[in-house]
Structures are given as structure tokens and as C-alpha cells.
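J.: File follows, structure_21.cif with mmCIF, C-alpha atoms and all ligand atoms:
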```
data_run
loop_
_atom_site.label_atom_id
_atom_site.label_comp_id
_atom_site.auth_asym_id
_atom_site.auth_seq_id
_atom_site.Cartn_x
_atom_site.Cartn_y
_atom_site.Cartn_z
CA MET A 1 0.00 0.00 0.00
CA ARG A 2 1.24 3.48 -0.83
CA TYR A 3 -0.36 6.88 -1.21
CA VAL A 4 0.31 10.38 -2.44
CA THR A 5 -1.49 13.62 -1.58
CA ALA A 6 -1.83 16.77 -3.69
CA GLY A 7 -3.41 20.17 -3.10
CA GLU A 8 -2.67 23.71 -2.00
CA SER A 9 -4.19 25.16 1.16
CA HIS A 10 -6.36 27.69 -0.73
CA GLY A 11 -6.57 25.75 -4.00
CA PRO A 12 -9.85 24.18 -5.13
CA GLU A 13 -9.31 20.61 -3.91
CA GLU A 14 -7.25 18.34 -1.67
CA ILE A 15 -6.59 14.96 -3.28
CA ALA A 16 -5.14 11.60 -2.22
CA VAL A 17 -4.54 8.51 -4.34
CA ILE A 18 -4.10 5.21 -2.46
CA GLU A 19 -2.78 2.13 -4.20
CA GLY A 20 -2.80 -1.41 -2.79
CA ILE A 21 -6.00 -1.60 -0.74
CA PRO A 22 -7.50 -5.08 -1.25
CA ALA A 23 -10.78 -5.58 -3.11
CA GLY A 24 -13.95 -6.16 -1.10
CA LEU A 25 -13.34 -3.82 1.86
CA ASP A 26 -16.56 -2.10 2.95
CA LEU A 27 -15.98 1.64 2.60
CA SER A 28 -18.52 4.44 2.81
CA GLN A 29 -18.14 8.21 2.71
CA GLU A 30 -19.40 8.42 6.32
CA VAL A 31 -16.41 6.41 7.58
CA VAL A 32 -13.98 8.97 6.15
CA ASP A 33 -16.10 12.04 6.95
CA LYS A 34 -16.26 11.06 10.62
CA GLN A 35 -12.47 11.21 10.87
CA LEU A 36 -12.30 14.47 8.89
CA ALA A 37 -14.75 16.05 11.34
CA ARG A 38 -12.60 14.91 14.28
CA ARG A 39 -9.56 16.63 12.73
CA GLN A 40 -11.53 19.86 12.28
CA HIS A 41 -12.90 19.98 15.80
CA GLY A 42 -10.46 20.68 18.55
CA TYR A 43 -10.07 23.47 21.09
CA GLY A 44 -7.68 26.19 19.93
CA ARG A 45 -8.20 25.90 16.21
CA GLY A 46 -8.58 29.06 14.12
CA ASP A 47 -11.34 30.51 11.95
CA ARG A 48 -10.50 28.39 8.90
CA GLN A 49 -12.39 25.49 10.48
CA LYS A 50 -15.55 27.64 10.56
CA ILE A 51 -15.33 28.02 6.76
CA GLU A 52 -14.64 24.37 5.91
CA THR A 53 -16.96 21.38 6.28
CA ASP A 54 -14.70 18.62 5.07
CA THR A 55 -16.46 15.81 3.24
CA VAL A 56 -14.87 13.25 0.95
CA THR A 57 -15.83 12.21 -2.56
CA PHE A 58 -14.55 8.89 -3.92
CA LEU A 59 -13.51 9.57 -7.51
CA THR A 60 -12.11 6.11 -8.25
CA GLY A 61 -11.63 2.67 -6.75
CA VAL A 62 -14.92 2.30 -4.80
CA ARG A 63 -18.19 0.88 -6.15
CA HIS A 64 -21.38 0.15 -4.21
CA GLN A 65 -19.53 0.98 -0.95
CA LYS A 66 -16.82 -1.65 -1.56
CA THR A 67 -13.24 -1.23 -2.72
CA LEU A 68 -12.40 -2.61 -6.17
CA GLY A 69 -8.68 -3.28 -5.64
CA SER A 70 -7.88 -0.43 -8.05
CA PRO A 71 -6.35 2.92 -6.95
CA ILE A 72 -8.70 4.86 -4.68
CA THR A 73 -8.86 8.59 -5.34
CA LEU A 74 -10.22 10.72 -2.49
CA GLU A 75 -11.17 14.36 -2.97
CA VAL A 76 -12.01 17.01 -0.36
CA HIS A 77 -13.16 20.45 -1.55
CA ASN A 78 -11.62 23.56 -0.02
CA ASP A 79 -14.67 25.77 0.62
CA ASP A 80 -12.31 28.68 1.38
CA HIS A 81 -11.09 28.53 -2.24
CA ASN A 82 -14.05 30.73 -3.25
CA ASN A 83 -12.30 33.60 -1.43
CA TRP A 84 -9.00 32.88 -3.21
CA THR A 85 -9.89 32.15 -6.85
CA LYS A 86 -7.87 35.13 -8.17
CA ILE A 87 -4.89 34.63 -5.85
CA MET A 88 -4.67 30.89 -6.68
CA ALA A 89 -5.60 31.19 -10.42
CA PRO A 90 -3.70 28.48 -12.34
CA ASN A 91 -4.42 29.85 -15.83
CA GLU A 92 -3.54 33.54 -15.47
CA PRO A 93 -0.02 34.99 -15.45
CA ALA A 94 0.91 36.81 -12.22
CA ASN A 95 -0.49 40.37 -12.30
CA ALA A 96 -1.17 43.23 -9.89
CA GLU A 97 -4.58 41.85 -8.94
CA ASN A 98 -3.72 38.17 -8.32
CA THR A 99 -0.56 38.81 -6.27
CA LEU A 100 -2.24 41.02 -3.66
CA ARG A 101 -1.59 38.45 -0.90
CA LYS A 102 2.17 38.20 -1.51
CA VAL A 103 4.25 36.88 1.38
CA MET A 104 7.68 38.54 1.52
CA ARG A 105 8.48 38.37 5.25
CA PRO A 106 9.09 34.72 6.17
CA ARG A 107 7.74 33.40 9.48
CA PRO A 108 10.41 31.96 11.78
CA GLY A 109 9.69 28.26 12.34
CA HIS A 110 7.66 27.84 9.15
CA ALA A 111 8.90 26.53 5.79
CA ASP A 112 8.69 30.00 4.14
CA LEU A 113 12.33 31.11 3.97
CA VAL A 114 14.14 27.83 3.29
CA GLY A 115 11.40 26.66 0.91
CA GLY A 116 11.67 29.95 -1.01
CA MET A 117 15.45 29.61 -1.30
CA LYS A 118 15.27 25.97 -2.35
CA TYR A 119 12.57 26.35 -5.03
CA ARG A 120 13.61 29.92 -6.08
CA HIS A 121 10.24 31.36 -5.12
CA HIS A 122 11.83 34.77 -4.70
CA GLU A 123 8.77 36.55 -6.11
CA ASP A 124 6.29 35.26 -3.49
CA LEU A 125 6.68 32.91 -0.52
CA ARG A 126 2.97 32.07 -0.82
CA ASN A 127 4.21 29.51 -3.38
CA VAL A 128 5.77 27.68 -0.40
CA LEU A 129 3.20 28.12 2.32
CA GLU A 130 0.25 27.00 0.20
CA ARG A 131 1.71 23.48 0.28
CA SER A 132 3.59 23.48 3.59
CA SER A 133 0.34 24.41 5.37
CA ALA A 134 -1.15 21.65 7.52
CA ARG A 135 -4.31 21.79 5.40
CA GLU A 136 -2.63 18.87 3.59
CA THR A 137 -3.04 16.71 6.70
CA THR A 138 -6.77 16.54 5.84
CA MET A 139 -5.83 13.97 3.23
CA ARG A 140 -3.58 12.01 5.57
CA VAL A 141 -6.55 11.71 7.92
CA ALA A 142 -8.71 10.57 4.98
CA VAL A 143 -6.13 7.91 4.00
CA GLY A 144 -5.86 6.99 7.69
CA ALA A 145 -9.63 6.42 7.83
CA VAL A 146 -9.31 3.84 5.04
CA ALA A 147 -6.35 2.25 6.86
CA LYS A 148 -8.33 2.12 10.13
CA LYS A 149 -11.23 0.43 8.32
CA LEU A 150 -8.86 -2.22 6.96
CA LEU A 151 -7.25 -2.77 10.38
CA ALA A 152 -10.66 -3.10 12.05
CA GLU A 153 -11.29 -6.16 9.83
CA ILE A 154 -8.55 -8.02 11.72
CA GLY A 155 -9.39 -6.63 15.16
CA VAL A 156 -6.80 -3.83 15.27
CA ASP A 157 -7.95 -0.57 16.86
CA VAL A 158 -6.03 2.75 16.93
CA HIS A 159 -6.78 5.85 19.00
CA GLY A 160 -5.01 9.17 19.61
CA PHE A 161 -5.48 11.67 22.43
CA VAL A 162 -3.74 14.66 24.01
CA ALA A 163 -1.09 14.06 26.69
CA ASN A 164 -0.37 17.73 27.36
CA VAL A 165 -0.68 21.24 25.98
CA GLY A 166 2.08 23.45 27.36
CA PRO A 167 2.24 22.80 31.13
CA ALA A 168 -1.35 21.37 31.35
CA LYS A 169 -1.14 17.58 31.48
CA SER A 170 -3.54 14.66 31.20
CA ASP A 171 -3.27 12.28 34.16
CA LEU A 172 -1.77 9.33 32.28
CA SER A 173 -1.94 7.09 35.38
CA GLN A 174 -5.69 6.90 34.59
CA LEU A 175 -4.99 4.96 31.41
CA THR A 176 -5.02 1.65 33.29
CA LYS A 177 -8.72 2.29 34.14
CA TYR A 178 -9.82 1.57 30.57
CA LYS A 179 -10.30 -2.02 29.45
CA ASN A 180 -10.15 -1.23 25.73
CA LEU A 181 -9.79 1.64 23.28
CA ASP A 182 -13.56 2.05 22.90
CA GLU A 183 -13.73 3.04 26.58
CA LEU A 184 -10.72 5.35 26.24
CA ARG A 185 -12.17 6.87 23.05
CA ALA A 186 -15.48 7.61 24.76
CA ILE A 187 -13.65 9.65 27.40
CA THR A 188 -11.11 11.58 25.33
CA GLU A 189 -13.55 12.37 22.52
CA SER A 190 -15.99 13.78 25.09
CA PHE A 191 -13.55 16.66 25.66
CA ASP A 192 -12.86 19.09 22.82
CA THR A 193 -9.26 19.21 24.05
CA ARG A 194 -9.00 15.36 23.66
CA ALA A 195 -7.60 15.24 27.18
CA LEU A 196 -7.84 12.16 29.37
CA ASP A 197 -9.65 13.73 32.33
CA ALA A 198 -11.86 16.71 33.21
CA LYS A 199 -9.18 18.45 35.26
CA ALA A 200 -6.71 18.33 32.36
CA ASP A 201 -9.45 19.45 29.95
CA ALA A 202 -10.04 22.62 32.02
CA ALA A 203 -6.32 23.27 32.51
CA ILE A 204 -5.58 22.83 28.78
CA LYS A 205 -8.39 25.22 27.83
CA ASP A 206 -6.95 27.75 30.26
CA VAL A 207 -3.45 27.45 28.72
CA ILE A 208 -4.85 27.84 25.19
CA ASP A 209 -7.04 30.82 26.20
CA ARG A 210 -4.07 32.53 27.82
CA ALA A 211 -1.86 31.91 24.75
CA LYS A 212 -4.58 33.27 22.48
CA LYS A 213 -5.09 36.39 24.61
CA ASP A 214 -1.35 36.98 24.51
CA ALA A 215 -1.35 36.55 20.67
CA ASN A 216 0.95 33.60 21.28
CA THR A 217 0.90 29.88 20.38
CA VAL A 218 1.53 26.69 22.34
CA GLY A 219 2.67 23.11 21.64
CA GLY A 220 2.31 19.79 23.47
CA GLN A 221 2.34 16.03 23.12
CA VAL A 222 -0.12 13.50 21.74
CA GLU A 223 -0.27 9.78 22.38
CA VAL A 224 -1.50 7.05 20.04
CA ILE A 225 -2.34 3.53 21.21
CA ALA A 226 -2.92 0.60 18.85
CA THR A 227 -4.25 -2.73 20.08
CA GLY A 228 -4.69 -6.13 18.45
CA MET A 229 -1.73 -6.16 16.06
CA PRO A 230 -0.47 -9.65 15.24
CA VAL A 231 2.96 -10.56 16.64
CA GLY A 232 5.97 -10.20 14.35
CA LEU A 233 5.08 -7.43 11.90
CA GLY A 234 8.13 -5.47 10.82
CA SER A 235 11.57 -7.07 10.98
CA TYR A 236 14.90 -6.93 12.79
CA VAL A 237 16.71 -8.13 9.65
CA THR A 238 17.29 -4.76 7.97
CA ALA A 239 16.98 -1.28 9.40
CA ASP A 240 14.57 -0.28 6.60
CA ASP A 241 12.09 -2.96 7.66
CA LYS A 242 11.85 -1.99 11.33
CA LEU A 243 8.20 -1.09 11.86
CA ASP A 244 8.87 1.16 14.87
CA ALA A 245 11.29 3.14 12.69
CA LYS A 246 8.66 3.49 9.96
CA ILE A 247 6.15 4.78 12.50
CA ALA A 248 8.71 7.23 13.89
CA ARG A 249 9.29 8.61 10.40
CA ALA A 250 5.55 8.89 9.77
CA ILE A 251 5.04 10.80 13.04
CA VAL A 252 7.91 13.24 12.55
CA GLY A 253 6.64 13.67 8.97
CA ILE A 254 3.55 15.46 10.33
CA ASN A 255 3.80 19.26 10.29
CA ALA A 256 5.19 20.62 13.58
CA PHE A 257 6.04 17.17 15.06
CA LYS A 258 9.61 17.28 16.37
CA GLY A 259 9.95 14.22 18.59
CA VAL A 260 8.67 10.68 19.00
CA GLN A 261 8.90 7.94 21.63
CA PHE A 262 7.66 4.38 22.08
CA GLY A 263 6.35 3.39 25.51
CA SER A 264 8.10 5.42 28.17
CA ALA A 265 11.27 5.80 26.07
CA PHE A 266 12.55 9.17 27.32
CA ASP A 267 11.97 8.26 30.97
CA ASN A 268 13.65 4.90 30.32
CA SER A 269 17.01 6.63 29.96
CA GLU A 270 16.91 7.16 33.75
CA LYS A 271 15.98 3.56 34.59
CA PHE A 272 17.87 0.30 35.12
CA GLY A 273 17.22 -2.73 32.94
CA ASP A 274 15.27 -4.69 35.56
CA GLU A 275 12.80 -1.80 35.90
CA LEU A 276 12.07 -1.77 32.22
CA MET A 277 12.07 -5.02 30.23
CA ASP A 278 8.65 -6.55 29.66
CA GLU A 279 8.90 -9.98 31.28
CA ILE A 280 7.69 -13.02 29.34
CA PHE A 281 4.85 -15.34 30.44
CA TRP A 282 2.84 -18.13 28.82
CA ASP A 283 -0.59 -19.63 29.29
CA PRO A 284 -2.46 -22.17 27.16
CA GLU A 285 -5.17 -19.66 26.12
CA ARG A 286 -3.01 -16.71 25.13
CA GLY A 287 0.31 -18.38 24.34
CA PHE A 288 3.22 -16.01 25.08
CA TYR A 289 2.43 -12.62 26.64
CA ARG A 290 4.15 -9.88 28.67
CA GLY A 291 3.59 -8.69 32.20
CA SER A 292 4.02 -5.03 31.20
CA ASP A 293 4.36 -2.85 28.10
CA ASN A 294 7.14 -0.42 28.98
CA LEU A 295 8.72 -0.77 25.54
CA GLY A 296 5.51 0.32 23.76
CA GLY A 297 4.85 -2.84 21.77
CA PHE A 298 8.13 -3.32 19.87
CA GLU A 299 11.20 -5.51 20.17
CA GLY A 300 13.70 -5.69 17.30
CA GLY A 301 11.51 -3.46 15.13
CA MET A 302 8.72 -6.09 15.34
CA THR A 303 5.34 -6.00 17.05
CA THR A 304 5.32 -8.00 20.30
CA GLY A 305 1.52 -8.32 20.32
CA GLU A 306 1.23 -5.92 23.27
CA ALA A 307 -0.36 -2.50 22.73
CA ILE A 308 1.69 -0.14 20.55
CA VAL A 309 2.14 3.13 22.44
CA VAL A 310 3.58 6.06 20.50
CA ARG A 311 4.05 9.63 21.74
CA GLY A 312 4.63 12.62 19.43
CA VAL A 313 5.96 16.04 20.44
CA VAL A 314 4.29 18.98 18.68
CA LYS A 315 6.04 22.36 18.64
CA PRO A 316 4.05 25.60 19.04
CA ILE A 317 2.52 27.01 15.83
CA PRO A 318 5.02 29.28 14.01
CA THR A 319 2.56 32.02 12.93
CA LEU A 320 2.15 34.53 15.75
CA TYR A 321 -0.42 37.33 15.70
CA ARG A 322 2.27 39.24 17.62
CA PRO A 323 4.88 38.46 14.94
CA MET A 324 8.54 37.81 15.56
CA GLN A 325 11.55 39.37 13.90
CA SER A 326 12.12 38.64 10.21
CA VAL A 327 13.64 40.21 7.07
CA ASP A 328 11.88 41.26 3.85
CA ILE A 329 13.26 38.96 1.11
CA ASP A 330 13.05 41.76 -1.47
CA THR A 331 14.50 44.78 0.39
CA HIS A 332 16.51 42.85 3.03
CA GLU A 333 15.20 45.32 5.62
CA ASN A 334 14.21 44.17 9.09
CA HIS A 335 10.45 43.65 9.43
CA LYS A 336 8.07 41.72 11.58
CA ALA A 337 7.10 38.36 10.04
CA SER A 338 3.98 37.97 7.88
CA ILE A 339 0.73 36.92 9.49
CA GLU A 340 -1.55 34.28 7.97
CA ARG A 341 -4.85 33.26 9.54
CA SER A 342 -3.73 30.77 12.13
CA ASP A 343 -4.50 28.39 14.99
CA THR A 344 -3.41 28.97 18.62
CA THR A 345 -2.45 25.31 18.96
CA ALA A 346 -2.34 22.32 16.63
CA VAL A 347 -2.18 19.74 19.42
CA THR A 348 -5.89 18.86 19.64
CA ALA A 349 -6.07 18.16 15.89
CA ALA A 350 -2.61 16.63 15.87
CA ALA A 351 -3.84 13.69 17.99
CA VAL A 352 -6.18 12.71 15.12
CA ILE A 353 -3.45 13.14 12.49
CA ALA A 354 -0.92 11.07 14.49
CA GLU A 355 -3.57 8.36 14.92
CA ALA A 356 -4.07 8.34 11.13
CA MET A 357 -0.32 8.09 10.47
CA VAL A 358 0.10 5.17 12.87
CA ALA A 359 -2.89 3.44 11.23
CA ILE A 360 -1.37 3.95 7.76
CA GLU A 361 1.96 2.40 8.78
CA LEU A 362 0.25 -0.54 10.51
CA ALA A 363 -1.99 -1.16 7.47
CA LYS A 364 1.07 -1.06 5.19
CA ALA A 365 2.81 -3.63 7.41
CA VAL A 366 -0.25 -5.92 7.35
CA LEU A 367 -0.52 -5.66 3.56
CA ASP A 368 3.22 -6.30 3.14
CA LYS A 369 2.92 -9.57 5.03
CA PHE A 370 -0.51 -10.89 4.02
CA ASP A 371 -2.58 -11.08 0.82
CA SER A 372 -3.40 -7.63 -0.51
CA ASP A 373 -5.66 -8.63 -3.42
CA ASN A 374 -8.81 -9.50 -1.49
CA ILE A 375 -9.88 -8.58 2.03
CA ASP A 376 -11.37 -12.00 2.89
CA ARG A 377 -8.22 -13.84 1.81
CA MET A 378 -6.18 -11.36 3.84
CA LYS A 379 -8.33 -12.10 6.91
CA GLU A 380 -8.00 -15.85 6.42
CA GLN A 381 -4.22 -15.55 6.23
CA VAL A 382 -4.07 -13.37 9.34
CA ALA A 383 -6.21 -15.88 11.26
CA LEU A 384 -3.96 -18.80 10.21
CA TYR A 385 -0.85 -16.87 11.15
CA ARG A 386 -2.26 -15.93 14.57
CA GLU A 387 -3.07 -19.60 15.21
CA GLU A 388 0.45 -20.65 14.27
CA ILE A 389 1.98 -18.03 16.55
CA LYS A 390 -0.24 -19.09 19.45
CA HIS A 391 1.22 -22.59 19.27
CA PHE A 392 4.88 -21.55 19.10
C1 LIG B 1 -3.10 20.39 12.69
C2 LIG B 1 -2.03 21.40 12.43
C3 LIG B 1 -2.39 22.71 12.23
C4 LIG B 1 -1.43 23.67 12.01
N1 LIG B 1 -1.84 24.97 11.84
C5 LIG B 1 -0.90 25.93 11.66
C6 LIG B 1 -1.29 27.29 11.55
O1 LIG B 1 -2.47 27.63 11.62
N2 LIG B 1 -0.32 28.21 11.40
C7 LIG B 1 1.00 27.87 11.35
O2 LIG B 1 1.85 28.73 11.23
N3 LIG B 1 1.40 26.60 11.45
C8 LIG B 1 0.49 25.61 11.61
N4 LIG B 1 0.90 24.31 11.74
C9 LIG B 1 2.33 24.00 11.72
C10 LIG B 1 2.99 24.19 10.37
O3 LIG B 1 2.29 23.53 9.33
C11 LIG B 1 4.44 23.71 10.40
O4 LIG B 1 5.09 24.23 11.54
C12 LIG B 1 5.19 24.14 9.16
O5 LIG B 1 4.70 23.43 8.03
C13 LIG B 1 6.71 23.91 9.23
O6 LIG B 1 7.01 22.55 9.35
P1 LIG B 1 7.73 21.94 10.64
O7 LIG B 1 7.15 22.61 11.83
O8 LIG B 1 7.41 20.49 10.58
O9 LIG B 1 9.21 22.23 10.52
C14 LIG B 1 -0.05 23.32 11.97
C15 LIG B 1 0.31 21.98 12.16
C16 LIG B 1 -0.66 21.03 12.41
C17 LIG B 1 -0.25 19.60 12.65
#
```
Mind turning the file's structure into C-alpha cells?

T.:
Amino acid sequence: MRYVTAGESHGPEEIAVIEGIPAGLDLSQEVVDKQLARRQHGYGRGDRQKIETDTVTFLTGVRHQKTLGSPITLEVHNDDHNNWTKIMAPNEPANAENTLRKVMRPRPGHADLVGGMKYRHHEDLRNVLERSSARETTMRVAVGAVAKKLLAEIGVDVHGFVANVGPAKSDLSQLTKYKNLDELRAITESFDTRALDAKADAAIKDVIDRAKKDANTVGGQVEVIATGMPVGLGSYVTADDKLDAKIARAIVGINAFKGVQFGSAFDNSEKFGDELMDEIFWDPERGFYRGSDNLGGFEGGMTTGEAIVVRGVVKPIPTLYRPMQSVDIDTHENHKASIERSDTTAVTAAAVIAEAMVAIELAKAVLDKFDSDNIDRMKEQVALYREEIKHF
């Protein structure tokens, strides 16, 4: 399975093409739209979300709510494009009217300056920011929705929530209260901060409100948990095949994500070995299992069968309404950076995007190992493999 996205933030459409999804998977627009709505709704997001109501159209690869095995093309319309038809016009040469929203003062922390240098967009840094904008993550969430649907067929569930925004933290010790991800999902999705508890929800809202009032921005961390993965996906044999490494790349590939850990990785650096390794047990029902999951579900780049626990670190949003120091790329004079309509924090939406990226990497790993032509054959193969592993 592979995919590519296309689309500019204020262009007419966002597009994704996915190749390698087996035939026969049930797939309806509602399944994707539900995830798109989750990405749009989160405390601290800006006014763009009031303009957009993201809904997907399947242009290819789906018939009668089932996948055909051919490439699936997903399209989401940018409602805001109506306000930008001149500025984004593909068939007019640049003129005084359609370059009114030029960006000449790059924002520190965004892709503006380096992207302009690299692609020689000296005339207008909008040519960079239209693509580097996180609007593109709409399509990663859409692809992730398809991946989650495929994973659900073999009993794999994936859910993302917010660990902290600035200094306001979810009480992660509460995680043990939840028997499965459905229970966890019911709690975290009941808060528009995606926090784990009411106290954290209130504290996070307070941090975001204060940042907004101060014309500032704030970052945080999100956590994604995946349950039900078969043992032994990924491989220790070559570095390229390590599934934890692929997930790490996918997470840091999300706009503004600057760090990733599995299990309690960063805290582990302060621990001794006997405090950390997940001890091995066996019983006739379950086969081999672990007494803990400190390593976050991976050994040797392979799934252990325990829950996969991935944390991503999201930096504060680069665009400040109280802009920081920059330089005009035309005159080379000092100026405050440009301002684009912007969020106060990306963290609440980022939990949904990270969840989608983990789902995509897990679905790829499943389709690498098992039949990818037909969903029923894939399920049969997974069931046989699970049975074999149980009797190891
Ligand atoms: C959900 C989400 C929303 C974002 N919204 C904004 C935004 O409104 N303004 C902004 O300057 N950056 C925003 N960002 C971050 C930028 O897209 C990102 O910082 C930029 O592309 C530079 O890439 P880098 O931070 O990965 O180096 C957002 C990121 C995410 C994940």
C-alpha cells in the first residue's frame, strides 16, 4: 500500500490517491467524513475550520460501498477557495490583482524562507506556504480512515489523544482504568481538548485561552495507542524494515512534530534494565504474553503483540499574531514576520493526524505480510498466522 497527496491550502481541492487496498473492503463516505470532522474539531483551532466542512468524494476505486482493488482517489473540496480564486488562479499569469496576498516576510519556524530559497520562489513565498500548510493533513486523515477500516477487519484498533498542551497535562496514570480503546475513546472524545480527564481538559483550555489572549501559540504532546496487532510485523533483519522506525518517520513527517517515543522511552534513559524489560509469560489460552508494556509494543523493530504506544511532540505554531523578527526577502530590511490566519495550537487536531499516520503504517505492514488482493483472503491468512503463533 502506498499513497500520495496533492493540493494547496487555498486551492480548489485536496486529493489523495491510495494504491494497494485489497478488493472487497466495505468503505462508505461516512467512515472517512467522521475522521475528517474529528480533525476539524479541537479546542484552539482558528477561523479556517468555521469556513470548511470537510467531506470526501470517492472519484475512483470504490463501487457500491466496496473497494475494487484499483487505486482509490479521495477528494475534499476547499470551501475557502471561493475567497481565493484570483490569488490561486492556475491559468492567469501573475499580475497586480492576483498577487495582492504576496508573502515577503518569512515566518520563523515555518517553511517559508528555506522553501523559497530551495525552489527559487523569490517573487512570493505564498508559493511555499500553500503546500507546507497543515491543510494537507486533511488527506492524511482521509487515508488513515481507510487504513483504520482495513485494520478493524482483523481486530486492530487505533486511537489518539492529548497528553499535554504546554504545562497542562492529562493524568496518564488513569490509562489503566480503561479495558479497551472504545472506553478510552469515549472519554477523550468527550472533551474538545482530547484530554484524558476533566481536570486536564479545564487546565488545557486555560493554557490555550491565555496563549490566544497573549497573541501567542503553544505546543504539546499527543499519544497514540494501537491494540490487536499480530505478533511479528516489521523485521529486525534490515533497518529499513523496522516497523517502529517506519512509524517514527511517519510521526515526525507530520507538520510541527519534532519528537517521537515508544512506551516510556525518554523516561527509560533514567531507569535500570530490571525496571524496564517486559517480562515473558505463557498460558495455554493466550500463548506467550508480557507482564508489562514499557517498551511500547516493539522488540527488534517487530510488534510484540502488546499495545503499541507512540508519543509525538508537537512544537508551538510558528505564525504569531504578535509576529517575531524577520527580514523582507526583497528589500533585506528588518520587518516583523507575515501573518496568515492561524490556529493557537495544533495539538488537539494533531492527535487525530498522528492516529491516522500510525494506522497507515500498521496497514502497510499488514498488507506487506498478508494477501493484498482481497480482504477475505487477507483475513483468512491473518487468522492462520495468529493460530500458528499461538502454538509456538
Ligand atoms: C493540525 C495542524 C495545524 C497547524 N496549523 C498551523 C497554523 O495555523 N499556522 C502555522 O503557522 N502553522 C500551523 N501548523 C504547523 C505548520 O504547518 C508547520 O510548523 C510548518 O509546516 C513547518 O514545518 P515543521 O514545523 O514540521 O518544521 C499546523 C500543524 C498542524 C499539525

J.: Within 7 Å of ligand LIG 1 (chain B), counting all atoms listed in the file: which residues, as a ChimeraX atom specification?

T.: /A:46,109-111,132-134,254-258,315,317-319,341-343,346-347,349-350

J.: (-2.4, 14.9, 22.9) in this file's frame - what residues fall within 9 Å of it? Use all atoms listed in the file and give the answer as a ChimeraX atom specification.

T.: /A:160-165,170,193-196,220-224,311-314,347-352

J.: Measuring between only C-alpha atoms, which one of A:Ile208, A:Ile375, A:Ile308, A:Ile15 shows the shortest distance to Leu27 (chain A)?

T.: A:Ile375

J.: Pick out the closest residue to Asp26 (chain A) from this set: A:Gly296, A:Gly228, A:Gly115, A:Gly69. Count only C-alpha atoms.

T.: A:Gly69

J.: Have a look at CA of Ala365 (chain A) and CA of Leu151 (chain A) and let me know their distance in Å, one decimal.

T.: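 If I compute the distance from CA of Ala365 (chain A) to CA of Leu151 (chain A), I get 10.5 Å.
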
J.: Which residues are close to region 234-240 of chain A, i.e. within 10 Å by only C-alpha atoms, leaving aside same-chain residues fewer than 3 positions away? Reply as a tab-separated table (two decimals) with C-alpha atoms, keeping the file's coordinate frame.

T.:
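The resulting file, selection-v7.tsv, is shown below:
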```tsv
chain	number	residue	atom	x	y	z
A	231	VAL	CA	2.96	-10.56	16.64
A	243	LEU	CA	8.20	-1.09	11.86
A	244	ASP	CA	8.87	1.16	14.87
A	245	ALA	CA	11.29	3.14	12.69
A	246	LYS	CA	8.66	3.49	9.96
A	298	PHE	CA	8.13	-3.32	19.87
A	299	GLU	CA	11.20	-5.51	20.17
A	300	GLY	CA	13.70	-5.69	17.30
A	301	GLY	CA	11.51	-3.46	15.13
A	302	MET	CA	8.72	-6.09	15.34
A	303	THR	CA	5.34	-6.00	17.05
A	362	LEU	CA	0.25	-0.54	10.51
A	365	ALA	CA	2.81	-3.63	7.41
A	366	VAL	CA	-0.25	-5.92	7.35
A	368	ASP	CA	3.22	-6.30	3.14
A	369	LYS	CA	2.92	-9.57	5.03
```
